[in-house]
Every structure is written in structure tokens, then in C-alpha cells.
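Engineer: So that you have it, the file is target.txt, and it contains compact mmCIF, C-alpha atoms and all ligand atoms:
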# COMPACT_ATOMS: atom_id res chain seq x y z
CA MET J 1 -48.52 27.86 -85.07
CA ALA J 2 -47.73 28.79 -81.48
CA VAL J 3 -46.53 26.37 -78.85
CA HIS J 4 -47.00 27.55 -75.27
CA ARG J 5 -44.90 26.56 -72.29
CA THR J 6 -47.59 27.55 -69.78
CA GLN J 7 -51.29 26.95 -69.53
CA GLN J 8 -51.93 30.66 -69.08
CA ALA J 9 -50.17 31.50 -72.34
CA ALA J 10 -52.40 28.99 -74.13
CA PHE J 11 -55.51 30.51 -72.54
CA ASP J 12 -54.38 34.00 -73.58
CA ALA J 13 -53.83 32.92 -77.19
CA ARG J 14 -56.91 30.74 -77.54
CA LYS J 15 -59.70 31.78 -79.96
CA SER J 16 -63.35 30.91 -79.38
CA ASN J 17 -63.33 28.01 -81.85
CA GLU J 18 -60.20 26.48 -80.34
CA LYS J 19 -59.57 23.98 -77.61
CA ILE J 20 -56.49 23.69 -75.41
CA PHE J 21 -54.38 20.53 -75.51
CA GLN J 22 -51.19 19.48 -73.79
CA ASN J 23 -48.60 17.43 -75.64
CA GLN J 24 -45.35 15.94 -74.48
CA GLY J 25 -42.31 15.58 -76.67
CA ASP J 26 -38.55 15.19 -76.28
CA SER J 27 -38.27 18.79 -75.09
CA GLY J 28 -40.95 18.45 -72.45
CA ARG J 29 -44.59 19.37 -72.08
CA TYR J 30 -46.22 22.15 -74.04
CA TYR J 31 -49.70 23.52 -74.70
CA VAL J 32 -51.40 24.35 -77.95
CA ALA J 33 -54.70 26.09 -78.67
CA MET J 34 -56.28 24.94 -81.93
CA THR J 35 -59.42 23.68 -83.60
CA LEU J 36 -60.15 19.98 -83.44
CA GLU J 37 -59.38 19.62 -87.15
CA GLU J 38 -56.01 21.34 -86.78
CA TYR J 39 -55.02 19.25 -83.79
CA TRP J 40 -56.01 16.08 -85.60
CA SER J 41 -54.10 16.81 -88.78
CA ARG J 42 -50.99 18.25 -87.15
CA TYR J 43 -50.52 15.73 -84.37
CA LEU J 44 -52.67 12.61 -84.18
CA ALA J 45 -52.79 11.96 -87.93
CA THR J 46 -48.99 12.26 -88.10
CA GLY J 47 -48.38 9.84 -85.23
CA ILE J 48 -47.70 12.38 -82.48
CA ARG J 49 -49.86 10.84 -79.83
CA CYS J 50 -48.87 11.97 -76.35
CA GLY J 51 -51.77 14.35 -75.93
CA CYS J 52 -54.22 15.33 -73.22
CA GLU J 53 -57.29 17.50 -73.51
CA LEU J 54 -57.52 20.29 -70.99
CA ILE J 55 -60.90 20.11 -69.26
CA GLU J 56 -61.43 23.79 -68.58
CA LYS J 57 -62.71 24.81 -65.19
CA ASP J 58 -66.27 26.10 -64.88
CA LYS J 59 -67.24 24.83 -68.34
CA PRO J 60 -69.68 22.00 -69.10
CA CYS J 61 -68.24 18.53 -69.56
CA HIS J 62 -69.33 14.91 -69.68
CA LEU J 63 -69.04 12.52 -66.76
CA PHE J 64 -65.50 11.14 -66.91
CA ILE J 65 -63.91 8.36 -64.88
CA ASP J 66 -60.38 7.05 -64.52
CA LEU J 67 -59.80 3.49 -63.30
CA ASP J 68 -56.33 2.20 -62.46
CA VAL J 69 -55.19 -1.14 -61.13
CA ASN J 70 -51.56 -1.78 -60.28
CA LYS J 71 -51.31 -5.37 -61.48
CA GLU J 72 -48.03 -6.01 -59.70
CA LYS J 73 -49.66 -5.11 -56.38
CA TYR J 74 -53.08 -6.59 -57.19
CA PRO J 75 -52.42 -9.37 -59.74
CA GLN J 76 -55.83 -10.92 -59.10
CA ILE J 77 -57.81 -7.73 -59.83
CA ASP J 78 -59.12 -7.10 -63.34
CA VAL J 79 -59.86 -3.46 -64.20
CA ASN J 80 -62.92 -4.65 -66.16
CA GLN J 81 -64.31 -6.12 -62.96
CA ILE J 82 -63.81 -2.76 -61.18
CA TRP J 83 -65.76 -1.17 -63.99
CA VAL J 84 -68.61 -3.70 -63.85
CA THR J 85 -68.85 -3.07 -60.09
CA LEU J 86 -68.87 0.72 -60.44
CA GLU J 87 -71.06 0.89 -63.54
CA LYS J 88 -74.16 -0.58 -61.92
CA HIS J 89 -74.08 2.00 -59.12
CA ILE J 90 -73.53 4.95 -61.45
CA ASP J 91 -76.31 3.77 -63.74
CA PHE J 92 -78.64 3.27 -60.80
CA LEU J 93 -78.05 6.81 -59.51
CA LEU J 94 -78.39 8.37 -62.97
CA THR J 95 -81.57 6.52 -63.87
CA GLU J 96 -83.27 6.34 -60.47
CA TYR J 97 -82.25 9.65 -58.86
CA ARG J 98 -81.68 11.81 -61.94
CA GLU J 99 -84.44 10.08 -63.93
CA ILE J 100 -82.28 9.81 -67.02
CA PRO J 101 -83.54 7.05 -69.33
CA MET J 102 -81.00 4.30 -69.90
CA ALA J 103 -81.57 4.70 -73.64
CA ASP J 104 -80.19 8.26 -73.45
CA ILE J 105 -76.83 7.12 -72.07
CA THR J 106 -73.85 6.24 -74.25
CA LYS J 107 -70.69 5.03 -72.52
CA GLN J 108 -67.35 5.46 -74.21
CA LEU J 109 -64.86 2.94 -72.88
CA HIS J 110 -61.13 3.46 -73.44
CA PHE J 111 -58.60 0.80 -72.48
CA SER J 112 -54.84 0.99 -72.12
CA SER J 113 -53.68 -1.97 -70.09
CA ASN J 114 -50.34 -3.73 -70.11
CA ALA J 115 -48.67 -6.31 -67.86
CA LYS J 116 -48.06 -3.82 -65.04
CA LYS J 117 -51.16 -1.71 -65.12
CA GLY J 118 -54.85 -2.12 -65.89
CA SER J 119 -56.26 1.23 -67.02
CA MET J 120 -59.64 2.41 -68.24
CA HIS J 121 -61.23 5.74 -69.01
CA ILE J 122 -65.00 5.96 -69.20
CA ILE J 123 -66.93 8.92 -70.60
CA TYR J 124 -70.71 9.08 -70.18
CA GLN J 125 -72.49 10.94 -72.97
CA ILE J 126 -76.07 11.71 -72.01
CA LYS J 127 -78.49 12.82 -74.69
CA GLY J 128 -79.34 16.52 -74.27
CA LYS J 129 -77.70 16.71 -70.85
CA ILE J 130 -74.29 17.59 -69.46
CA PHE J 131 -72.53 18.39 -66.18
CA GLN J 132 -71.90 22.04 -65.34
CA SER J 133 -68.17 21.49 -64.72
CA ALA J 134 -65.59 18.96 -63.57
CA ALA J 135 -66.42 20.00 -59.98
CA HIS J 136 -69.99 18.81 -60.58
CA VAL J 137 -68.71 15.53 -61.99
CA GLY J 138 -66.57 15.16 -58.85
CA ALA J 139 -69.55 15.89 -56.59
CA PHE J 140 -71.60 13.27 -58.43
CA MET J 141 -68.82 10.71 -58.05
CA ARG J 142 -68.60 11.51 -54.31
CA CYS J 143 -72.36 10.82 -54.12
CA VAL J 144 -71.72 7.51 -55.87
CA GLN J 145 -68.97 6.72 -53.35
CA GLN J 146 -71.21 7.55 -50.41
CA TYR J 147 -74.03 5.48 -51.87
CA VAL J 148 -71.72 2.49 -52.29
CA ASP J 149 -70.35 2.94 -48.75
CA GLU J 150 -73.86 3.03 -47.33
CA GLU J 151 -75.68 0.49 -49.41
CA ASN J 152 -73.03 -1.89 -50.78
CA GLU J 153 -70.30 -2.16 -48.20
CA SER J 154 -68.63 -5.03 -50.05
CA ASP J 155 -68.21 -2.91 -53.20
CA ALA J 156 -66.58 -0.03 -51.29
CA VAL J 157 -63.20 -1.68 -51.83
CA ILE J 158 -63.06 -0.14 -55.32
CA PHE J 159 -62.84 3.30 -53.69
CA ASP J 160 -60.82 2.26 -50.63
CA ASN J 161 -58.02 0.87 -52.77
CA ARG J 162 -58.20 3.91 -55.09
CA PHE J 163 -58.98 1.82 -58.16
CA VAL J 164 -61.41 4.65 -58.92
CA ASP J 165 -59.27 7.79 -59.07
CA MET J 166 -61.27 10.41 -57.16
CA GLY J 167 -58.48 12.99 -57.36
CA ILE J 168 -59.02 13.90 -61.02
CA TYR J 169 -61.87 16.38 -60.58
CA THR J 170 -59.61 19.41 -60.36
CA GLN J 171 -59.54 22.79 -62.10
CA ASN J 172 -58.24 22.65 -65.68
CA ARG J 173 -57.67 18.93 -65.51
CA LEU J 174 -55.53 17.27 -68.16
CA PHE J 175 -57.07 14.02 -69.37
CA ARG J 176 -55.41 11.68 -71.83
CA MET J 177 -57.35 11.30 -75.08
CA LEU J 178 -58.35 8.33 -77.17
CA GLY J 179 -55.41 7.21 -79.34
CA CYS J 180 -52.83 8.74 -76.99
CA THR J 181 -50.26 7.34 -74.58
CA LYS J 182 -48.03 8.61 -71.82
CA TYR J 183 -44.77 9.91 -73.19
CA GLY J 184 -42.16 7.19 -73.44
CA GLN J 185 -44.72 4.39 -73.29
CA GLN J 186 -46.69 2.54 -75.95
CA ARG J 187 -49.86 2.16 -73.92
CA TYR J 188 -52.34 3.85 -76.27
CA LEU J 189 -55.92 4.37 -75.16
CA THR J 190 -58.16 2.48 -77.56
CA ASN J 191 -61.85 1.74 -77.88
CA GLY J 192 -61.32 -1.07 -80.36
CA ASN J 193 -62.19 1.06 -83.39
CA ASP J 194 -59.79 2.63 -85.90
CA LEU J 195 -58.48 6.00 -84.80
CA THR J 196 -60.22 8.40 -87.15
CA PHE J 197 -61.07 12.07 -86.71
CA GLN J 198 -64.71 11.10 -86.07
CA ASN J 199 -63.81 8.48 -83.50
CA TRP J 200 -61.33 10.70 -81.64
CA SER J 201 -63.41 13.91 -81.66
CA GLY J 202 -66.50 11.98 -80.58
CA ASN J 203 -64.65 10.79 -77.47
CA LEU J 204 -63.66 14.07 -75.82
CA VAL J 205 -64.76 14.97 -72.28
CA GLN J 206 -65.46 18.62 -72.96
CA PRO J 207 -67.28 19.83 -76.08
CA LEU J 208 -66.20 23.13 -77.62
CA VAL J 209 -69.77 24.39 -77.68
CA ASN J 210 -72.61 23.23 -75.52
CA ASP J 211 -76.35 23.45 -76.01
CA ALA J 212 -77.30 20.66 -73.62
CA ASP J 213 -79.16 21.10 -70.32
CA ILE J 214 -77.17 21.14 -67.10
CA ILE J 215 -77.80 18.21 -64.74
CA PRO J 216 -78.39 19.58 -61.23
CA ILE J 217 -75.75 18.17 -58.86
CA ALA J 218 -74.76 18.81 -55.24
CA GLU J 219 -72.13 17.37 -52.93
CA PRO J 220 -73.29 14.47 -50.70
CA ASP J 221 -73.98 16.98 -47.89
CA ASN J 222 -76.04 19.12 -50.33
CA SER J 223 -73.43 21.88 -50.51
CA SER J 224 -72.24 23.31 -53.82
CA PRO J 225 -69.83 21.17 -55.87
CA ARG J 226 -66.16 21.83 -55.20
CA TYR J 227 -63.03 21.02 -57.15
CA SER J 228 -60.61 18.48 -55.73
CA SER J 229 -57.39 20.04 -54.50
CA GLY J 230 -55.32 17.74 -56.67
CA GLY J 231 -54.35 15.44 -53.84
CA THR J 232 -56.70 12.85 -52.49
CA GLY J 233 -58.52 15.46 -50.40
CA CYS J 234 -59.79 15.11 -46.90
CA SER J 235 -59.95 11.37 -46.86
CA GLY J 236 -57.36 10.08 -44.43
CA ILE J 237 -55.53 6.86 -45.17
CA THR J 238 -57.31 3.58 -45.64
CA GLY J 239 -55.62 0.49 -44.31
CA TRP J 240 -52.78 2.09 -42.37
CA THR J 241 -52.45 0.35 -39.00
CA PRO J 242 -49.51 1.19 -36.72
CA ASP J 243 -48.23 -1.74 -34.64
CA CYS J 244 -49.69 -0.41 -31.40
CA VAL J 245 -53.19 -0.30 -32.93
CA ALA J 246 -53.32 -4.01 -33.82
CA PRO J 247 -53.90 -5.16 -30.18
CA LEU J 248 -56.63 -2.50 -29.85
CA LEU J 249 -58.38 -4.02 -32.87
CA GLU J 250 -58.14 -7.46 -31.27
CA TYR J 251 -59.71 -6.08 -28.11
CA ILE J 252 -62.56 -4.57 -30.15
CA ALA J 253 -63.04 -7.87 -31.99
CA GLU J 254 -63.35 -9.65 -28.65
CA LYS J 255 -65.74 -7.11 -27.13
CA HIS J 256 -67.81 -6.19 -30.19
CA ALA J 257 -67.07 -7.57 -33.65
CA SER J 258 -64.10 -7.96 -35.94
CA VAL J 259 -62.83 -4.96 -37.85
CA THR J 260 -63.35 -5.16 -41.61
CA ARG J 261 -61.83 -1.86 -42.69
CA ILE J 262 -59.70 0.78 -41.02
CA HIS J 263 -59.38 4.41 -41.99
CA ALA J 264 -56.63 6.44 -40.30
CA PHE J 265 -56.54 10.18 -39.61
CA PRO J 266 -52.88 10.53 -38.67
CA MET J 267 -53.02 14.23 -37.82
CA THR J 268 -55.49 13.57 -35.01
CA PHE J 269 -54.34 10.03 -34.14
CA THR J 270 -57.83 8.69 -34.74
CA PHE J 271 -58.86 5.54 -36.56
CA ALA J 272 -62.35 4.82 -37.87
CA CYS J 273 -62.92 1.07 -38.10
CA ASN J 274 -65.88 -0.64 -39.69
CA LEU J 275 -67.19 -3.65 -37.78
CA ALA J 276 -68.55 -6.91 -39.15
CA THR J 277 -71.90 -6.37 -37.49
CA LYS J 278 -75.20 -4.72 -38.32
CA MET J 279 -76.56 -5.18 -34.79
CA CYS J 280 -77.08 -1.62 -33.65
CA PRO J 281 -77.19 -0.76 -29.95
CA PHE J 282 -78.86 2.59 -30.72
CA LYS J 283 -81.66 1.04 -32.78
CA GLY J 284 -81.77 -2.03 -30.56
CA ASP J 285 -82.02 -4.19 -33.66
CA ASP J 286 -80.19 -5.18 -36.85
CA HIS J 287 -79.84 -2.70 -39.71
CA SER J 288 -80.56 -4.07 -43.17
CA SER J 289 -77.38 -2.64 -44.70
CA ASN J 290 -75.60 -0.24 -42.32
CA VAL J 291 -72.72 -1.61 -40.32
CA LEU J 292 -71.46 -0.32 -37.01
CA TYR J 293 -68.03 1.22 -36.62
CA VAL J 294 -65.74 2.35 -33.86
CA VAL J 295 -63.62 5.48 -33.69
CA ILE J 296 -60.37 4.89 -31.82
CA ASN J 297 -58.70 7.93 -30.29
CA LEU J 298 -55.09 7.16 -29.37
CA VAL J 299 -54.57 10.45 -27.55
CA ASP J 300 -57.07 9.68 -24.78
CA PHE J 301 -56.70 5.89 -25.28
CA SER J 302 -60.43 5.42 -25.82
CA TYR J 303 -62.95 4.38 -28.43
CA ARG J 304 -66.61 4.94 -29.20
CA VAL J 305 -69.04 2.69 -31.00
CA ARG J 306 -70.86 4.57 -33.73
CA CYS J 307 -73.44 3.76 -36.37
CA HIS J 308 -73.42 4.77 -40.04
CA SER J 309 -77.19 5.23 -40.13
CA SER J 310 -78.20 8.89 -40.10
CA LYS J 311 -81.23 7.94 -38.00
CA CYS J 312 -78.89 6.74 -35.29
CA HIS J 313 -77.03 10.02 -34.96
CA SER J 314 -79.87 11.43 -32.87
CA ARG J 315 -80.60 8.10 -31.19
CA ALA J 316 -77.01 7.90 -29.99
CA GLN J 317 -77.35 11.02 -27.79
CA PRO J 318 -76.27 11.41 -25.04
CA GLU J 319 -73.91 8.48 -25.63
CA ASN J 320 -71.75 10.54 -27.99
CA ASN J 321 -71.24 13.22 -25.35
CA LEU J 322 -69.90 10.77 -22.78
CA PRO J 323 -66.17 10.06 -22.59
CA GLY J 324 -65.07 7.21 -24.83
CA ARG J 325 -64.56 3.73 -23.41
CA LYS J 326 -61.00 3.11 -22.25
CA PHE J 327 -58.87 0.27 -23.56
CA PRO J 328 -57.21 -2.08 -21.01
CA GLU J 329 -54.23 -0.46 -19.27
CA GLU J 330 -51.75 -3.15 -20.33
CA LEU J 331 -52.08 -1.99 -23.96
CA LYS J 332 -51.24 1.61 -23.07
CA PRO J 333 -47.40 1.60 -22.95
CA ALA J 334 -47.12 0.71 -26.63
CA VAL J 335 -49.54 3.49 -27.54
CA ASP J 336 -47.69 6.02 -25.37
CA GLU J 337 -44.42 5.06 -26.97
CA PHE J 338 -45.95 5.48 -30.43
CA LEU J 339 -47.35 8.92 -29.54
CA ASN J 340 -44.05 10.09 -28.02
CA HIS J 341 -41.93 9.30 -31.05
CA ALA J 342 -41.72 10.92 -34.42
CA VAL J 343 -44.07 9.00 -36.66
CA ASP J 344 -43.33 7.93 -40.17
CA ILE J 345 -46.74 8.46 -41.69
CA PRO J 346 -47.18 7.06 -45.21
CA ALA J 347 -48.84 10.16 -46.57
CA ILE J 348 -49.67 13.38 -44.80
CA LEU J 349 -52.60 14.85 -46.61
CA PRO J 350 -52.89 18.62 -46.90
CA ASP J 351 -56.33 18.92 -45.37
CA ALA J 352 -56.08 16.05 -42.89
CA ALA J 353 -55.61 18.33 -39.88
CA LYS J 354 -58.86 20.12 -40.65
CA CYS J 355 -60.90 16.95 -40.84
CA ALA J 356 -63.21 15.95 -38.06
CA PRO J 357 -62.02 12.45 -37.22
CA ASP J 358 -65.12 10.59 -38.33
CA LEU J 359 -66.46 12.99 -40.92
CA PRO J 360 -65.75 11.26 -44.24
CA ILE J 361 -67.25 7.91 -43.39
CA VAL J 362 -70.35 9.03 -41.52
CA CYS J 363 -73.28 8.74 -43.86
CA GLU J 364 -75.71 11.59 -43.46
ZN ZN Q 1 -77.83 2.28 -35.99
Rewrite the structure from the file as C-alpha cells, please.
Structural biologist:
Amino acid sequence: MAVHRTQQAAFDARKSNEKIFQNQGDSGRYYVAMTLEEYWSRYLATGIRCGCELIEKDKPCHLFIDLDVNKEKYPQIDVNQIWVTLEKHIDFLLTEYREIPMADITKQLHFSSNAKKGSMHIIYQIKGKIFQSAAHVGAFMRCVQQYVDEENESDAVIFDNRFVDMGIYTQNRLFRMLGCTKYGQQRYLTNGNDLTFQNWSGNLVQPLVNDADIIPIAEPDNSSPRYSSGGTGCSGITGWTPDCVAPLLEYIAEKHASVTRIHAFPMTFTFACNLATKMCPFKGDDHSSNVLYVVINLVDFSYRVRCHSSKCHSRAQPENNLPGRKFPEELKPAVDEFLNHAVDIPAILPDAAKCAPDLPIVCE
């Protein structure tokens, strides 16, 4: 039996009836290509349980979700509650928009929590249907995120705080399997049933052979599904507020409404801030669910009021072509000082420079 040090070597050796797994042992990580029965009897049945399945790129797979809550940072948050919040939106989009009967959906829930971390994996098995690839699963989850942002502002916190890991929809993703734990830990994923071959093999994300129909999926902007880059993508940083921005938020609260959520784009020194108001100046009336937001631009010391509603994008012309509104001059020195010094940014994201400042949170 061959053990491979690289993914490519495992792909090269793999036969058509074999699946690729990654294990971790005392000598590090390695890949194997084997049938489900072989993997079960050689590893899991003998207690070697630090395994991931490799979700091959461009091959059909089930909808898979990874939820993580750092309990030391968020002691009051229960991962089950994150799941309950997310589940209703996913189910709504699958049943209402994809017209999949609820009776056709089976959800496999895997838990592996301890005192420090609340963790869950969820795999959706849909009768006779499957996603074309992990990129399509990612695109669907981005549609879920946009839907929650637009329609259920208060639930958006599950994405903002990264309790839902949106970075997992990459090429050849490794995903920990039922009955397995991270190396060096004893935090085994369990679904409450005995770990048998049937239980384990019935809980994989990617089947070896597929005869199910592909569910048509597009990105939220209707483009073709794309893989995540492995980082958090073009999403900016939620919650990061440099000291000089705090007085600007107070000014906005005084003039407009208080800021409920801030999303920073450090490469462009812009900050998109949701407001606690649905009163829309472009519509001239309240929205039922959309809230207003402002985009702060530190470089020209200005801000613009914007609306999440797609209908308002055209209504807001020519307003959006005018220069932004200036903040009071007395707040400027602190901003200038901030701009003129090297900034310690919590996380520079690879694609952040390419992002239009308000792109990710505008709902089309
Ligand atoms: Zn509006």
C-alpha cells in the first residue's frame, strides 16, 4: 500500500474505484488513494482516526458546511444556535427557490465541541440531486449570505463573525470525516451513532460515483461559480475601527442614524457602515427590510449615504456622482495623522486592493 507525501502523487496513483484521503500521524501528513472498504479496515477500524476526505475539484459533491465558535472569545454563543439560525435560511432557499421538497432533504450533523471550541459539520444529502462541485456549493452559500444580509439583517452576525466558515469552498478541499479528529486532539466528529462502515461511508461529502442530477447554481451576481482562494476572499474586515474613525461614526449617528455594523476595506481606506434606519432618502419612505448605509472615504475625508435596495441604485443618481459630504474640519487632523503613518492592519487580504469599496455589501 502506497503512502504519498503530495496530493499530486496520490492523484497519479489513484484508480477509478478509489478515493483520496489525507491522514496525519507522528511523521506528518500523508495522502492515500484507496477504496472506501480499504480505508475503513486499514485506518478507522484500527483506531487511526486523523483523516480528511479530499473533495476533488470539478466533481459533484453534497452541500457541506463548517461552523466554528471560539468559546473563549464568545462564551455566550452556542454553535447549535448558529446552526438553527442558518438552517432556516438554507432550507428556505432550497425549497422555495430550487423547489426541492423538504422530504427529499437529509441533513447529516456532525459535532466535535469541547470547552474551547464549538464545532459542527453539516452535510445536506438531497434525493436524486447534487452540486456540480465545491465551487457551486460555495456560490450557493454566498447566495445564502446575501439573502440573509438583505432580508434578515439581525441574522447576518453569523457570517460577520465568521461562525460560518465561507473559506472552505476551495479546490481539492480537505474536510474532516465522521469519527475523525485533528491530530493531537481527542475532539472526534460524531453524529451520536456508533462508528460503523455504513455510518462513516454514508456521511462523506463526495460520492465516488454519481448518478444524481446537478442542481443549477450561480453566484449572487449570476456569474459562474468560482472557487474560494483559500483565504477569506474579497470581503474586507468586519468590525475593524481605527481610533480616528470612531468620532466620524459619532458624527454620522448625530446627523443620520447610529452605526450597527462596520466593514473596513483597508487597502482603499474606506469603511462601509450599516445604519439603524430603514428610512430611505432615495425612496422617500421606509423600506420594509433594507437598511441604509454610509461609505466613509478617509482619503478625501467624506462619506456618502447609500441604500442596500437594488431599486435605489438608479434612484440615487445623480447623487452618487456628486462629491461625498465632508466631515467637520476639527476631526481631520486625527485622520491625516492616521493616513500618514504606517498602519498596523489586522489582516491584509490578498484581493482587497481589487475590491470596489462598497461591492460586497451592496445587494443587487
Ligand atoms: Zn432605498
Engineer: Using all atoms listed in the file, which residue out of J:Thr95, J:Asn17, J:Asn152, J:Ser309 lies closest to Asp286 of chain J?
Structural biologist: J:Ser309
Engineer: For ligand ZN 1 (chain Q), return the neighbouring residues as a list in words (distance at most 7 Å; all atoms listed in the file).
Structural biologist: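 Counting only what the definition allows, namely all atoms listed in the file, the set is Cys280, Pro281, Phe282, Lys283, His287, Leu292, Cys307, His308, Ser309, Lys311 and Cys312 of chain J.
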Engineer: Which residue, J:Leu298, J:Cys244, J:Val209, J:Val259, has the smallest gap to Ala334 of chain J when you use only C-alpha atoms?
Structural biologist: J:Cys244
Engineer: Rank nothing, just name the residue among J:Gly184, J:Glu150, J:Glu337, J:His4 nearest to Pro242 of chain J, using only C-alpha atoms.
Structural biologist: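 Closest residue, counting only C-alpha atoms: J:Glu337.
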Engineer: Give the answer as one residue: which of J:Val69, J:Leu93, J:Met1, J:Leu249 has the shortest atom-to-atom distance to Arg162 of chain J, using only C-alpha atoms?
Structural biologist: J:Val69
Engineer: Rounded to one decimal place, report the atom CA of Lys59 of chain J-atom CA of Ser133 of chain J distance in Å.
Structural biologist: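 Atom-to-atom, atom CA of Lys59 of chain J to atom CA of Ser133 of chain J, that is 5.0 Å.
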Engineer: If I take atom CA of Ala33 of chain J and atom CA of Glu18 of chain J, how far is one from the other in Å, to one decimal?
Structural biologist: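 Atom-to-atom, atom CA of Ala33 of chain J and atom CA of Glu18 of chain J are spaced 5.8 Å apart.
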Engineer: For Pro266 of chain J, which of J:Lys73, J:Glu99, J:Phe338, J:Trp200 is the closest residue, counting only C-alpha atoms?
Structural biologist: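 Residue with the minimum atom-to-atom distance to Pro266 of chain J: J:Phe338.
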Engineer: So, counting all atoms listed in the file, which residue among J:Asn199, J:Ser41, J:Thr6, J:Thr46 is closest to Gly28 of chain J?
Structural biologist: J:Thr6
Engineer: Suppose you want the space between atom CA of Leu178 of chain J and atom CA of Gln7 of chain J; what is it in Å?
Structural biologist: 21.3 Å
Engineer: Adding 5 Å on each side of the box along x, y and z that holds all listed atoms of segment 131-140 of chain J, could you give its centre and edge lengths in Å to one decimal, as lines of an AutoDock Vina configuration file?
Structural biologist:
center_x = -69.1
center_y = 17.7
center_z = -61.4
size_x = 16.9
size_y = 18.8
size_z = 19.6
Engineer: Which polymer residues, protein or nucleic acid, are no farther than 12 Å from (-74.4, 19.0, -48.2), counting all atoms listed in the file, as a PDB file with C-alpha atoms, keeping the file's coordinate frame?
Structural biologist:
ATOM      1  CA  ALA J 139     -69.550  15.890 -56.590  1.00  0.00           C
ATOM      2  CA  ARG J 142     -68.600  11.510 -54.310  1.00  0.00           C
ATOM      3  CA  CYS J 143     -72.360  10.820 -54.120  1.00  0.00           C
ATOM      4  CA  ILE J 217     -75.750  18.170 -58.860  1.00  0.00           C
ATOM      5  CA  ALA J 218     -74.760  18.810 -55.240  1.00  0.00           C
ATOM      6  CA  GLU J 219     -72.130  17.370 -52.930  1.00  0.00           C
ATOM      7  CA  PRO J 220     -73.290  14.470 -50.700  1.00  0.00           C
ATOM      8  CA  ASP J 221     -73.980  16.980 -47.890  1.00  0.00           C
ATOM      9  CA  ASN J 222     -76.040  19.120 -50.330  1.00  0.00           C
ATOM     10  CA  SER J 223     -73.430  21.880 -50.510  1.00  0.00           C
ATOM     11  CA  SER J 224     -72.240  23.310 -53.820  1.00  0.00           C
ATOM     12  CA  PRO J 225     -69.830  21.170 -55.870  1.00  0.00           C
ATOM     13  CA  ARG J 226     -66.160  21.830 -55.200  1.00  0.00           C
ATOM     14  CA  CYS J 363     -73.280   8.740 -43.860  1.00  0.00           C
ATOM     15  CA  GLU J 364     -75.710  11.590 -43.460  1.00  0.00           C
TER      16      GLU J 364
END
Engineer: Got a sec: who's within 12 Å of Ala45 of chain J, counting all atoms listed in the file, leaving out chain neighbours fewer than 3 positions off, as a list in words?
Structural biologist: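 Contacts, in chain order: Leu36, Glu37, Glu38, Tyr39, Trp40, Ser41, Arg42, Ile48, Arg49, Gly179, Cys180, Asp194, Leu195, Thr196, Phe197 and Trp200 of chain J.
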Engineer: Go ahead and dump the residues you just picked, C-alpha atoms, as a compact mmCIF listing (two decimals), keeping the file's coordinate frame.
Structural biologist:
# COMPACT_ATOMS: atom_id res chain seq x y z
CA LEU J 36 -60.15 19.98 -83.44
CA GLU J 37 -59.38 19.62 -87.15
CA GLU J 38 -56.01 21.34 -86.78
CA TYR J 39 -55.02 19.25 -83.79
CA TRP J 40 -56.01 16.08 -85.60
CA SER J 41 -54.10 16.81 -88.78
CA ARG J 42 -50.99 18.25 -87.15
CA ILE J 48 -47.70 12.38 -82.48
CA ARG J 49 -49.86 10.84 -79.83
CA GLY J 179 -55.41 7.21 -79.34
CA CYS J 180 -52.83 8.74 -76.99
CA ASP J 194 -59.79 2.63 -85.90
CA LEU J 195 -58.48 6.00 -84.80
CA THR J 196 -60.22 8.40 -87.15
CA PHE J 197 -61.07 12.07 -86.71
CA TRP J 200 -61.33 10.70 -81.64
Engineer: Hey, what's within 12 Å of Leu67 of chain J if we count all atoms listed in the file and toss same-chain stuff fewer than 5 positions away? As an MDAnalysis selection string, please?
Structural biologist: chainID J and resid 77:87 109:113 117:123 158:159 161:168
Engineer: Show me as a ChimeraX atom specification the residues that reach within 6 Å of (-49.7, 14.1, -76.2), counting all atoms listed in the file and using the file's own coordinates.
Structural biologist: /J:23-24,49-52
Engineer: Using all atoms listed in the file, determine which residues lie at most 10 Å from Pro323 of chain J, disregarding the query and same-chain residues fewer than 5 positions distant; provide the list as a PyMOL selection string.
Structural biologist: chain J and resi 300+302-304
Engineer: As a PyMOL selection string, please: the residues near Tyr124 of chain J (cut-off 7 Å, all atoms listed in the file, same-chain neighbours under 4 positions excluded).
Structural biologist: chain J and resi 62-64+105-108
Engineer: Which residues, written as a tab-separated table (two decimals) with C-alpha atoms, in the frame of the given file, have at least one atom at most 9 Å from Pro328 of chain J, with only C-alpha atoms counted and residues fewer than 4 positions away on the same chain left out?
Structural biologist:
chain	number	residue	atom	x	y	z
J	248	LEU	CA	-56.63	-2.50	-29.85
J	251	TYR	CA	-59.71	-6.08	-28.11
J	332	LYS	CA	-51.24	1.61	-23.07
